[in-house]
file query12.cif (mmCIF, C-alpha atoms)
data_target
#
loop_
_atom_site.label_atom_id
_atom_site.label_comp_id
_atom_site.auth_asym_id
_atom_site.auth_seq_id
_atom_site.Cartn_x
_atom_site.Cartn_y
_atom_site.Cartn_z
CA MET A 1 16.55 -11.35 9.55
CA THR A 2 19.58 -13.54 9.66
CA THR A 3 18.12 -16.87 8.60
CA ALA A 4 16.19 -17.55 5.45
CA PRO A 5 13.10 -19.72 5.82
CA THR A 6 13.77 -23.40 5.23
CA TYR A 7 11.60 -25.38 2.86
CA ASP A 8 10.88 -29.01 2.45
CA ARG A 9 12.66 -30.09 -0.66
CA THR A 10 12.38 -33.01 -2.97
CA ALA A 11 15.40 -35.09 -3.92
CA GLU A 12 15.68 -33.26 -7.24
CA GLN A 13 15.66 -29.91 -5.55
CA LEU A 14 18.34 -31.07 -3.13
CA ALA A 15 20.44 -32.27 -6.05
CA ALA A 16 19.90 -28.96 -7.84
CA ASP A 17 20.93 -27.11 -4.69
CA ALA A 18 24.06 -29.24 -4.40
CA LEU A 19 25.06 -28.47 -8.01
CA ILE A 20 24.77 -24.76 -7.38
CA ARG A 21 26.91 -24.98 -4.27
CA GLU A 22 29.50 -27.06 -6.08
CA LEU A 23 29.59 -24.54 -8.89
CA ALA A 24 29.88 -21.59 -6.56
CA ALA A 25 32.86 -23.21 -4.86
CA LEU A 26 34.82 -23.54 -8.13
CA PRO A 27 36.89 -20.55 -9.24
CA ALA A 28 36.28 -19.17 -12.73
CA GLY A 29 38.20 -21.11 -15.37
CA ALA A 30 38.60 -24.20 -13.22
CA PRO A 31 38.59 -27.43 -15.23
CA GLY A 32 35.13 -28.92 -15.54
CA ARG A 33 33.43 -25.72 -14.45
CA GLU A 34 31.71 -25.11 -17.78
CA ARG A 35 30.17 -28.58 -17.73
CA LEU A 36 29.08 -28.17 -14.12
CA ARG A 37 27.50 -24.83 -14.96
CA GLU A 38 25.45 -26.45 -17.72
CA ARG A 39 24.26 -29.18 -15.40
CA ALA A 40 23.33 -26.66 -12.73
CA ILE A 41 21.33 -24.64 -15.23
CA GLU A 42 19.58 -27.74 -16.50
CA ALA A 43 18.69 -28.77 -12.98
CA TRP A 44 16.89 -25.48 -12.43
CA VAL A 45 15.05 -25.33 -15.74
CA PRO A 46 11.83 -26.74 -14.23
CA MET A 47 11.64 -23.81 -11.84
CA ALA A 48 12.24 -21.30 -14.64
CA ASN A 49 9.47 -22.95 -16.65
CA ARG A 50 7.10 -22.87 -13.72
CA LEU A 51 7.70 -19.16 -13.34
CA ALA A 52 7.23 -18.62 -17.08
CA ARG A 53 3.90 -20.44 -16.98
CA ARG A 54 2.64 -18.10 -14.31
CA PHE A 55 2.83 -15.29 -16.79
CA SER A 56 1.19 -17.15 -19.61
CA GLY A 57 -2.19 -16.11 -20.89
CA ARG A 58 -1.23 -12.47 -21.15
CA GLY A 59 -0.79 -12.39 -24.87
CA GLU A 60 2.83 -13.46 -24.99
CA PRO A 61 3.73 -16.71 -26.77
CA SER A 62 4.84 -19.21 -24.14
CA ASP A 63 8.08 -20.03 -26.03
CA ASP A 64 9.16 -16.43 -25.65
CA LEU A 65 8.32 -16.52 -21.99
CA GLN A 66 10.31 -19.69 -21.42
CA GLN A 67 13.29 -18.29 -23.25
CA THR A 68 13.12 -15.11 -21.23
CA ALA A 69 12.90 -17.12 -18.01
CA MET A 70 15.99 -19.06 -19.15
CA VAL A 71 17.91 -15.82 -19.64
CA GLY A 72 16.95 -14.89 -16.08
CA LEU A 73 17.99 -18.30 -14.79
CA ILE A 74 21.40 -18.12 -16.46
CA LYS A 75 21.97 -14.66 -15.02
CA ALA A 76 21.01 -15.96 -11.60
CA VAL A 77 23.36 -18.96 -11.86
CA ASP A 78 26.25 -16.75 -12.98
CA ARG A 79 25.73 -14.05 -10.40
CA TYR A 80 24.80 -16.17 -7.41
CA ASP A 81 27.13 -15.74 -4.48
CA ALA A 82 26.72 -18.60 -2.00
CA ASP A 83 28.74 -16.69 0.60
CA ARG A 84 25.90 -14.24 1.09
CA GLY A 85 23.98 -17.04 2.75
CA ILE A 86 20.86 -16.66 0.62
CA ASP A 87 19.18 -19.71 -0.73
CA PHE A 88 19.65 -20.02 -4.50
CA ALA A 89 15.90 -20.23 -5.14
CA ALA A 90 15.33 -17.09 -3.08
CA TYR A 91 17.90 -15.36 -5.24
CA ALA A 92 16.91 -16.80 -8.59
CA ILE A 93 13.13 -16.34 -8.40
CA PRO A 94 13.17 -12.53 -8.27
CA THR A 95 15.93 -12.49 -10.90
CA ILE A 96 13.88 -14.62 -13.29
CA ILE A 97 10.66 -12.77 -12.58
CA GLY A 98 12.56 -9.54 -13.11
CA GLU A 99 13.67 -10.72 -16.51
CA ILE A 100 10.14 -11.74 -17.48
CA LYS A 101 8.84 -8.42 -16.23
CA ARG A 102 11.36 -6.50 -18.29
CA HIS A 103 10.29 -8.54 -21.26
CA PHE A 104 6.65 -7.61 -20.71
CA ARG A 105 7.53 -4.00 -20.13
CA ASP A 106 9.58 -3.70 -23.27
CA ARG A 107 7.19 -5.64 -25.40
CA THR A 108 3.68 -5.32 -24.16
CA TRP A 109 3.05 -3.22 -21.11
CA SER A 110 1.62 0.22 -21.35
CA VAL A 111 0.65 0.77 -17.76
CA ARG A 112 1.45 4.03 -16.07
CA VAL A 113 2.41 2.89 -12.62
CA PRO A 114 6.13 3.47 -12.00
CA ARG A 115 7.95 0.43 -13.24
CA ARG A 116 9.79 -0.19 -10.00
CA LEU A 117 6.54 -0.34 -8.03
CA GLN A 118 4.94 -2.52 -10.65
CA GLU A 119 7.75 -5.03 -10.42
CA LEU A 120 7.80 -4.89 -6.67
CA ARG A 121 4.07 -5.42 -6.49
CA LEU A 122 4.26 -8.52 -8.67
CA ALA A 123 7.29 -9.85 -6.83
CA ILE A 124 5.50 -9.38 -3.49
CA ASN A 125 2.41 -11.05 -4.82
CA ASP A 126 4.44 -14.03 -6.01
CA ALA A 127 6.45 -14.20 -2.80
CA ASN A 128 3.23 -14.09 -0.83
CA ASN A 129 1.84 -17.05 -2.75
CA VAL A 130 5.04 -19.06 -2.54
CA LEU A 131 5.61 -18.39 1.15
CA THR A 132 2.02 -19.08 2.12
CA HIS A 133 2.57 -22.60 0.87
CA THR A 134 6.12 -23.19 2.02
CA LEU A 135 5.57 -21.74 5.49
CA GLY A 136 2.05 -23.08 5.87
CA ARG A 137 0.84 -19.70 7.13
CA ALA A 138 0.40 -16.17 5.88
CA PRO A 139 3.89 -14.65 5.65
CA THR A 140 4.97 -11.52 7.51
CA VAL A 141 6.53 -8.49 5.87
CA ALA A 142 9.88 -9.67 7.26
CA ASP A 143 9.42 -13.07 5.59
CA ILE A 144 8.71 -11.44 2.26
CA ALA A 145 11.57 -8.97 2.54
CA ALA A 146 13.99 -11.81 3.32
CA HIS A 147 12.63 -13.91 0.48
CA LEU A 148 13.00 -11.13 -2.08
CA GLY A 149 16.20 -9.69 -0.68
CA VAL A 150 14.69 -6.21 -0.25
CA THR A 151 14.07 -4.10 2.86
CA GLU A 152 10.83 -4.21 4.83
CA GLU A 153 10.24 -0.58 3.89
CA GLU A 154 10.34 -1.51 0.25
CA VAL A 155 7.78 -4.25 0.79
CA LEU A 156 5.48 -1.80 2.58
CA GLU A 157 5.90 0.70 -0.21
CA GLY A 158 5.07 -2.00 -2.72
CA LEU A 159 1.92 -2.90 -0.82
CA GLU A 160 0.72 0.68 -0.72
CA GLY A 161 1.58 0.99 -4.41
CA ALA A 162 -0.56 -2.04 -5.06
CA ARG A 163 -3.61 -0.23 -3.77
CA ALA A 164 -3.10 2.67 -6.12
CA TYR A 165 -2.91 0.20 -8.93
CA GLN A 166 -6.34 -1.22 -9.43
CA ALA A 167 -7.21 -0.20 -12.94
CA THR A 168 -5.71 -3.20 -14.66
CA SER A 169 -5.61 -6.32 -12.63
CA LEU A 170 -2.78 -8.63 -13.59
CA ALA A 171 -3.85 -11.31 -11.17
CA THR A 172 -6.29 -12.93 -13.52
CA PRO A 173 -8.63 -15.14 -11.55
CA THR A 174 -8.43 -18.73 -12.66
CA GLY A 175 -10.97 -20.63 -10.62
CA GLY A 176 -13.08 -17.73 -9.45
CA ASP A 177 -15.16 -16.92 -12.46
CA THR A 178 -18.65 -15.70 -11.80
CA GLY A 179 -21.07 -18.55 -11.86
CA THR A 180 -18.57 -21.38 -11.70
CA MET A 181 -18.72 -21.50 -7.94
CA GLU A 182 -21.68 -20.54 -5.82
CA LEU A 183 -21.57 -19.33 -2.27
CA GLY A 184 -22.99 -22.68 -1.23
CA ASP A 185 -19.79 -24.37 -2.33
CA THR A 186 -17.69 -22.34 0.04
CA LEU A 187 -19.98 -21.98 3.04
CA GLY A 188 -21.88 -24.63 4.91
CA GLU A 189 -25.30 -25.33 3.46
CA ASP A 190 -27.08 -23.64 6.33
CA ASP A 191 -24.77 -20.65 6.57
CA HIS A 192 -25.01 -19.77 2.95
CA GLY A 193 -28.52 -18.43 2.62
CA PHE A 194 -28.34 -16.91 6.05
CA ALA A 195 -25.10 -14.98 5.50
CA LEU A 196 -26.18 -13.75 2.11
CA ALA A 197 -29.54 -12.64 3.49
CA GLU A 198 -27.71 -10.82 6.24
CA LEU A 199 -25.50 -9.03 3.74
CA ARG A 200 -28.55 -8.08 1.71
CA LEU A 201 -30.28 -6.77 4.81
CA ASP A 202 -27.26 -4.70 5.83
CA LEU A 203 -26.57 -3.29 2.40
CA GLY A 204 -30.05 -2.72 1.07
CA PRO A 205 -30.17 -1.41 -2.50
CA ALA A 206 -26.39 -0.82 -2.46
CA MET A 207 -26.02 -4.60 -2.77
CA ALA A 208 -26.77 -4.19 -6.45
CA THR A 209 -23.43 -2.39 -6.96
CA LEU A 210 -21.58 -5.60 -6.11
CA ASP A 211 -20.96 -8.38 -8.55
CA GLU A 212 -21.30 -12.03 -7.64
CA ARG A 213 -17.67 -12.48 -6.65
CA GLU A 214 -17.60 -9.34 -4.51
CA ARG A 215 -20.71 -10.50 -2.66
CA ARG A 216 -19.10 -13.83 -2.08
CA ILE A 217 -15.89 -12.29 -0.79
CA LEU A 218 -17.62 -9.81 1.51
CA THR A 219 -19.88 -12.54 2.86
CA LEU A 220 -16.97 -14.85 3.56
CA ARG A 221 -14.87 -12.13 5.16
CA PHE A 222 -17.44 -10.29 7.20
CA TYR A 223 -20.06 -12.93 7.97
CA GLY A 224 -18.12 -16.17 7.50
CA ASN A 225 -15.16 -14.87 9.51
CA GLN A 226 -12.64 -16.29 7.05
CA THR A 227 -9.22 -14.76 6.54
CA GLN A 228 -8.15 -13.17 3.27
CA THR A 229 -5.74 -16.06 2.75
CA GLN A 230 -8.50 -18.65 3.19
CA ILE A 231 -10.76 -16.80 0.79
CA ALA A 232 -7.93 -16.49 -1.72
CA GLU A 233 -7.41 -20.25 -1.67
CA GLN A 234 -11.08 -20.97 -2.16
CA LEU A 235 -11.43 -18.62 -5.09
CA GLY A 236 -8.10 -19.47 -6.68
CA ILE A 237 -6.85 -15.89 -6.64
CA SER A 238 -4.05 -14.24 -4.66
CA GLN A 239 -4.52 -12.82 -1.18
CA MET A 240 -3.49 -9.38 -2.41
CA HIS A 241 -6.16 -9.62 -5.06
CA VAL A 242 -8.74 -10.46 -2.38
CA SER A 243 -7.55 -7.45 -0.41
CA ARG A 244 -7.93 -5.18 -3.44
CA LEU A 245 -11.39 -6.51 -4.22
CA ILE A 246 -12.52 -5.92 -0.63
CA SER A 247 -11.10 -2.38 -0.65
CA ARG A 248 -12.73 -1.59 -3.95
CA ALA A 249 -16.10 -3.02 -2.99
CA LEU A 250 -16.10 -1.14 0.32
CA GLY A 251 -15.15 2.07 -1.44
CA ARG A 252 -18.05 1.68 -3.82
CA LEU A 253 -20.48 0.83 -1.02
CA ARG A 254 -19.31 3.88 0.89
CA THR A 255 -20.26 6.22 -1.91
CA ARG A 256 -23.61 4.49 -2.35
CA MET A 257 -24.54 4.23 1.30
CA GLY A 258 -22.74 7.28 2.73
CA MET B 1 13.83 -6.16 11.82
CA THR B 2 17.56 -6.03 11.97
CA GLU B 3 18.01 -4.31 15.30
CA GLN B 4 16.26 -6.92 17.45
CA SER B 5 14.36 -10.01 16.53
CA GLN B 6 12.12 -10.04 19.58
CA PRO B 7 10.70 -6.59 20.27
CA ALA B 8 10.24 -6.14 24.00
CA PHE B 9 8.78 -2.65 24.31
CA ASP B 10 5.40 -2.02 25.82
CA ASP B 11 3.08 0.77 24.84
CA ASP B 12 5.30 2.78 22.58
CA VAL B 13 3.23 5.62 21.22
CA VAL B 14 3.42 7.15 17.76
CA LEU B 15 1.46 10.30 16.98
CA LEU B 16 0.62 11.40 13.48
CA THR B 17 -1.57 14.28 12.34
CA VAL B 18 -2.66 14.76 8.74
CA PRO B 19 -5.18 17.02 7.01
CA ALA B 20 -8.66 15.46 7.08
CA ASP B 21 -8.56 14.78 3.38
CA GLY B 22 -8.83 11.46 1.55
CA GLY B 23 -5.54 12.17 -0.20
CA TYR B 24 -3.64 11.75 3.06
CA LEU B 25 -5.13 8.41 4.02
CA GLY B 26 -2.27 6.66 2.25
CA VAL B 27 0.11 8.12 4.82
CA LEU B 28 -1.97 6.71 7.67
CA ARG B 29 -2.28 3.35 5.97
CA THR B 30 1.45 3.11 5.40
CA ALA B 31 2.23 4.15 8.98
CA THR B 32 -0.24 1.53 10.20
CA ALA B 33 1.29 -1.14 8.00
CA GLY B 34 4.80 -0.16 9.08
CA LEU B 35 3.95 -0.53 12.73
CA ALA B 36 2.06 -3.77 12.16
CA ALA B 37 5.09 -5.13 10.30
CA ARG B 38 7.22 -4.27 13.32
CA LEU B 39 4.95 -6.53 15.34
CA HIS B 40 5.36 -9.33 12.78
CA PHE B 41 1.74 -9.29 11.75
CA ALA B 42 0.96 -11.61 8.85
CA LEU B 43 0.46 -9.95 5.50
CA ASP B 44 -3.28 -10.59 5.42
CA GLU B 45 -3.65 -9.15 8.91
CA ILE B 46 -1.83 -6.04 7.74
CA GLU B 47 -4.12 -5.75 4.74
CA ASP B 48 -7.16 -6.14 7.00
CA LEU B 49 -5.87 -3.38 9.20
CA ARG B 50 -5.28 -1.07 6.25
CA ILE B 51 -8.83 -1.62 5.08
CA ALA B 52 -10.12 -1.02 8.62
CA VAL B 53 -8.17 2.25 8.85
CA ASP B 54 -9.63 3.30 5.51
CA GLU B 55 -13.13 2.48 6.66
CA ALA B 56 -12.72 4.24 10.02
CA CYS B 57 -11.29 7.35 8.39
CA ALA B 58 -14.09 7.39 5.82
CA MET B 59 -16.58 7.42 8.70
CA LEU B 60 -14.72 10.28 10.35
CA LEU B 61 -14.19 12.33 7.19
CA ALA B 62 -17.95 12.23 6.60
CA VAL B 63 -18.55 14.21 9.80
CA ALA B 64 -15.36 16.30 10.00
CA VAL B 65 -15.48 20.10 10.01
CA ARG B 66 -13.92 21.88 7.07
CA ASP B 67 -10.10 22.14 7.17
CA ALA B 68 -9.94 19.73 10.07
CA GLU B 69 -7.03 17.49 10.96
CA LEU B 70 -7.11 13.78 11.60
CA CYS B 71 -5.13 12.98 14.73
CA CYS B 72 -3.85 9.43 14.92
CA ARG B 73 -2.43 7.83 17.95
CA PHE B 74 -0.77 4.45 17.50
CA ALA B 75 -0.08 2.47 20.65
CA VAL B 76 2.31 -0.41 20.14
CA THR B 77 2.67 -3.28 22.61
CA ASP B 78 4.58 -6.45 21.95
CA ASP B 79 1.64 -8.27 20.39
CA ALA B 80 -0.99 -5.64 19.64
CA LEU B 81 -1.46 -2.41 17.80
CA THR B 82 -4.11 0.14 18.72
CA VAL B 83 -4.96 2.81 16.20
CA GLU B 84 -7.01 5.69 17.51
CA VAL B 85 -8.19 8.35 15.09
CA THR B 86 -9.87 11.56 16.22
CA VAL B 87 -11.35 14.40 14.23
CA PRO B 88 -13.25 17.58 15.21
CA THR B 89 -16.79 17.22 13.95
CA VAL B 90 -19.68 19.40 12.98
CA ARG B 91 -21.96 19.96 15.95
CA GLY B 92 -24.06 17.01 17.00
CA ALA B 93 -22.48 14.72 14.42
CA ARG B 94 -23.05 11.03 14.92
CA LEU B 95 -21.19 8.03 13.66
CA PRO B 96 -22.90 5.08 11.95
CA ALA B 97 -24.81 2.84 14.35
CA GLU B 98 -23.14 -0.29 15.66
CA SER B 99 -25.61 -2.34 13.66
CA SER B 100 -24.49 -0.78 10.38
CA PHE B 101 -22.53 -2.59 7.73
CA ALA B 102 -19.59 -0.22 8.10
CA TRP B 103 -19.40 -1.15 11.74
CA LYS B 104 -19.59 -4.84 10.96
CA VAL B 105 -16.63 -4.34 8.65
CA LEU B 106 -14.58 -2.66 11.38
CA THR B 107 -15.28 -5.34 13.95
CA ALA B 108 -14.60 -8.17 11.49
CA LEU B 109 -11.27 -6.68 10.46
CA THR B 110 -9.94 -6.01 13.96
CA THR B 111 -9.84 -7.67 17.35
CA ALA B 112 -11.92 -4.88 18.87
CA ALA B 113 -13.34 -1.62 17.59
CA SER B 114 -15.05 1.16 19.48
CA ALA B 115 -16.17 4.69 18.82
CA GLU B 116 -17.01 7.80 20.70
CA ALA B 117 -18.72 11.00 19.59
CA THR B 118 -18.70 13.90 22.04
CA GLY B 119 -20.70 16.30 19.91
CA THR B 120 -17.63 18.30 18.92
CA SER B 121 -15.25 15.49 18.09
CA ALA B 122 -15.38 11.84 17.16
CA THR B 123 -12.89 9.05 17.83
CA ILE B 124 -12.62 5.54 16.47
CA ARG B 125 -10.35 3.08 18.19
CA LEU B 126 -9.16 -0.11 16.51
CA LEU B 127 -7.29 -2.77 18.42
CA THR B 128 -5.61 -5.59 16.56
CA ARG B 129 -3.81 -8.42 18.25
CA ARG B 130 -1.42 -10.60 16.30
CA THR B 131 -2.87 -14.08 15.85
CA ALA B 132 0.32 -16.09 15.29
CA PRO B 133 2.60 -16.45 18.33
#
call {"tool": "encode", "arguments": {"input": "query12.cif", "output": "structure tokens"}}
result
Amino acid sequence: MTTAPTYDRTAEQLAADALIRELAALPAGAPGRERLRERAIEAWVPMANRLARRFSGRGEPSDDLQQTAMVGLIKAVDRYDADRGIDFAAYAIPTIIGEIKRHFRDRTWSVRVPRRLQELRLAINDANNVLTHTLGRAPTVADIAAHLGVTEEEVLEGLEGARAYQATSLATPTGGDTGTMELGDTLGEDDHGFALAELRLDLGPAMATLDERERRILTLRFYGNQTQTQIAEQLGISQMHVSRLISRALGRLRTRMG
Amino acid sequence: MTEQSQPAFDDDVVLLTVPADGGYLGVLRTATAGLAARLHFALDEIEDLRIAVDEACAMLLAVAVRDAELCCRFAVTDDALTVEVTVPTVRGARLPAESSFAWKVLTALTTAASAEATGTSATIRLLTRRTAP
């Protein structure tokens, strides 16, 4: 990939981009550079905070998270090399997420998946969410690799690693809690009962091994013909999470029906 | 893809044989994903295909003879990937009926799925065409 994807930017983002470019063009120790650096950092604080918020609700005080994100942002500003042709956001996001991840690892995580895969998995998940919105379609592996500045092989490895890693889900569902949304909300009125009845007919007693959300996802995917990305949007969870839930549900059905 | 942005090969074939054991399915999934990535499949299409490969292999493992090998043949065109998995089976083995849930899963996750059981071996063929241009 030679070109990074282009995004629609707001005026503030354009201004923030311009500050970074200006800063990168100034040699170290140039007069006014320190002041410019501060302004550039300030301009990007909203993004750092947004990233920090994504990790909230996992038992870490949000002040700590914001501070950690700031450390990541400052590192990104200081290390960014505009000559490499990568967009600053594309460079800074993984740097900031990396910093937050290290913070979690050092402070709170006790998971046994290799750290590198863990980080990669989260970075891919985030990149997937971001790119789905900025590109307006499900991203390819090449898109994600370019966005994160890693190779396609690494992305593939991260995806496979994600499947091995199902014990503790970090992608906490926000809008998809059991009972808050019924199948009828996501399917047409007529389709709903029909699709569910069809699933029940096909699965028989094994249907009981599925919880409400799994039933909904399987119905949408296999009877409603919706893509994983569409289902993810409806349930307010990530596409990778949908994929894991489908895999897990099918695995369980297999042992019950096989 | 650094070597060429617009792959223009037709019907490249990749062959891969692994022991017919669940522990090796990860290798098949990763190979599948790698080839699908080459074709610029979207991430959710790749995930669908991985799940389909899992499901197909689970069907085949259920009827495989002891110490068998799963033979995979990947055919790559410029916009489609065909994964064909074959395993020697116990005599008279049959695959799940086309009306079964497992089969519904395979057909929903791919562009086309078909199966063949000869009495001594079984093959499942999954064709996936990239949706985006």
call {"tool": "resolve_selection", "arguments": {"input": "query12.cif", "expression": "the PyMOL selection byres ((chain B) within 6 of (chain A))", "output": "JSON, numbers by chain"}}
result
{"B": [2, 37, 40, 41, 42, 43, 44, 101, 108]}
call {"tool": "residues_around", "arguments": {"input": "query12.cif", "residues": "B:Gly26", "least_positions_apart": "3", "cutoff": "12 Å", "atoms": "all atoms listed in the file", "output": "PyMOL selection string"}}
result
(chain A and resi 156-157+159-164) or (chain B and resi 18-23+29-34+50-51+53-54+57)
call {"tool": "residues_around", "arguments": {"input": "query12.cif", "residues": "stretch 81-87 of chain B", "least_positions_apart": "3", "cutoff": "6 Å", "atoms": "only C-alpha atoms", "output": "list of chain:residue names"}}
result
B:Leu70, B:Cys71, B:Cys72, B:Arg73, B:Phe74, B:Ala75, B:Val76, B:Ser121, B:Ala122, B:Thr123, B:Ile124, B:Arg125, B:Leu126, B:Leu127, B:Thr128
call {"tool": "atom_distance", "arguments": {"input": "query12.cif", "atom1": "atom CA of A:Ile20", "atom2": "atom CA of A:Ala82"}}
result
8.4 Å
call {"tool": "resolve_selection", "arguments": {"input": "query12.cif", "expression": "the PyMOL selection byres ((chain B and resi 117) around 12)", "output": "PDB file with C-alpha atoms, in the frame of the given file"}}
result
ATOM      1  CA  MET B  59     -16.580   7.420   8.700  1.00  0.00           C
ATOM      2  CA  LEU B  60     -14.720  10.280  10.350  1.00  0.00           C
ATOM      3  CA  VAL B  63     -18.550  14.210   9.800  1.00  0.00           C
ATOM      4  CA  ALA B  64     -15.360  16.300  10.000  1.00  0.00           C
ATOM      5  CA  VAL B  85      -8.190   8.350  15.090  1.00  0.00           C
ATOM      6  CA  THR B  86      -9.870  11.560  16.220  1.00  0.00           C
ATOM      7  CA  VAL B  87     -11.350  14.400  14.230  1.00  0.00           C
ATOM      8  CA  PRO B  88     -13.250  17.580  15.210  1.00  0.00           C
ATOM      9  CA  THR B  89     -16.790  17.220  13.950  1.00  0.00           C
ATOM     10  CA  VAL B  90     -19.680  19.400  12.980  1.00  0.00           C
ATOM     11  CA  ARG B  91     -21.960  19.960  15.950  1.00  0.00           C
ATOM     12  CA  GLY B  92     -24.060  17.010  17.000  1.00  0.00           C
ATOM     13  CA  ALA B  93     -22.480  14.720  14.420  1.00  0.00           C
ATOM     14  CA  ARG B  94     -23.050  11.030  14.920  1.00  0.00           C
ATOM     15  CA  LEU B  95     -21.190   8.030  13.660  1.00  0.00           C
ATOM     16  CA  PRO B  96     -22.900   5.080  11.950  1.00  0.00           C
ATOM     17  CA  ALA B  97     -24.810   2.840  14.350  1.00  0.00           C
ATOM     18  CA  SER B 114     -15.050   1.160  19.480  1.00  0.00           C
ATOM     19  CA  ALA B 115     -16.170   4.690  18.820  1.00  0.00           C
ATOM     20  CA  GLU B 116     -17.010   7.800  20.700  1.00  0.00           C
ATOM     21  CA  THR B 118     -18.700  13.900  22.040  1.00  0.00           C
ATOM     22  CA  GLY B 119     -20.700  16.300  19.910  1.00  0.00           C
ATOM     23  CA  THR B 120     -17.630  18.300  18.920  1.00  0.00           C
ATOM     24  CA  SER B 121     -15.250  15.490  18.090  1.00  0.00           C
ATOM     25  CA  ALA B 122     -15.380  11.840  17.160  1.00  0.00           C
ATOM     26  CA  THR B 123     -12.890   9.050  17.830  1.00  0.00           C
ATOM     27  CA  ILE B 124     -12.620   5.540  16.470  1.00  0.00           C
ATOM     28  CA  ARG B 125     -10.350   3.080  18.190  1.00  0.00           C
TER      29      ARG B 125
END
call {"tool": "residues_around", "arguments": {"input": "query12.cif", "residues": "A:Ala127", "least_positions_apart": "4", "cutoff": "8 Å", "atoms": "all atoms listed in the file", "output": "ChimeraX atom specification"}}
result
/A:123,131,144,147-148
call {"tool": "build_atoms", "arguments": {"input": "query12.cif", "residues": "stretch 66-77 of chain B", "atoms": "N, CA, C and O atoms", "output": "CSV table (one decimal), in the frame of the given file"}}
result
chain,number,residue,atom,x,y,z
B,66,ARG,N,-14.8,21.5,8.2
B,66,ARG,CA,-13.9,21.9,7.1
B,66,ARG,C,-12.5,22.2,7.6
B,66,ARG,O,-12.4,22.7,8.7
B,67,ASP,N,-11.5,21.9,6.8
B,67,ASP,CA,-10.1,22.1,7.2
B,67,ASP,C,-9.7,21.5,8.5
B,67,ASP,O,-8.8,22.0,9.2
B,68,ALA,N,-10.3,20.4,8.8
B,68,ALA,CA,-9.9,19.7,10.1
B,68,ALA,C,-8.7,18.9,9.9
B,68,ALA,O,-8.2,18.8,8.8
B,69,GLU,N,-8.2,18.4,11.0
B,69,GLU,CA,-7.0,17.5,11.0
B,69,GLU,C,-7.4,16.2,11.6
B,69,GLU,O,-8.2,16.2,12.6
B,70,LEU,N,-6.9,15.1,11.0
B,70,LEU,CA,-7.1,13.8,11.6
B,70,LEU,C,-5.9,13.5,12.5
B,70,LEU,O,-4.8,13.6,12.1
B,71,CYS,N,-6.2,13.3,13.8
B,71,CYS,CA,-5.1,13.0,14.7
B,71,CYS,C,-5.1,11.5,15.0
B,71,CYS,O,-6.1,10.9,15.4
B,72,CYS,N,-4.0,10.9,14.7
B,72,CYS,CA,-3.8,9.4,14.9
B,72,CYS,C,-2.9,9.1,16.0
B,72,CYS,O,-1.8,9.7,16.1
B,73,ARG,N,-3.3,8.2,16.9
B,73,ARG,CA,-2.4,7.8,18.0
B,73,ARG,C,-2.3,6.3,17.8
B,73,ARG,O,-3.2,5.6,17.9
B,74,PHE,N,-1.0,5.9,17.6
B,74,PHE,CA,-0.8,4.4,17.5
B,74,PHE,C,-0.1,4.0,18.8
B,74,PHE,O,0.9,4.6,19.2
B,75,ALA,N,-0.7,3.0,19.4
B,75,ALA,CA,-0.1,2.5,20.6
B,75,ALA,C,0.4,1.1,20.3
B,75,ALA,O,-0.4,0.2,19.8
B,76,VAL,N,1.7,0.8,20.5
B,76,VAL,CA,2.3,-0.4,20.1
B,76,VAL,C,2.7,-1.2,21.4
B,76,VAL,O,3.5,-0.7,22.2
B,77,THR,N,2.2,-2.4,21.6
B,77,THR,CA,2.7,-3.3,22.6
B,77,THR,C,3.4,-4.4,21.9
B,77,THR,O,3.5,-4.4,20.7
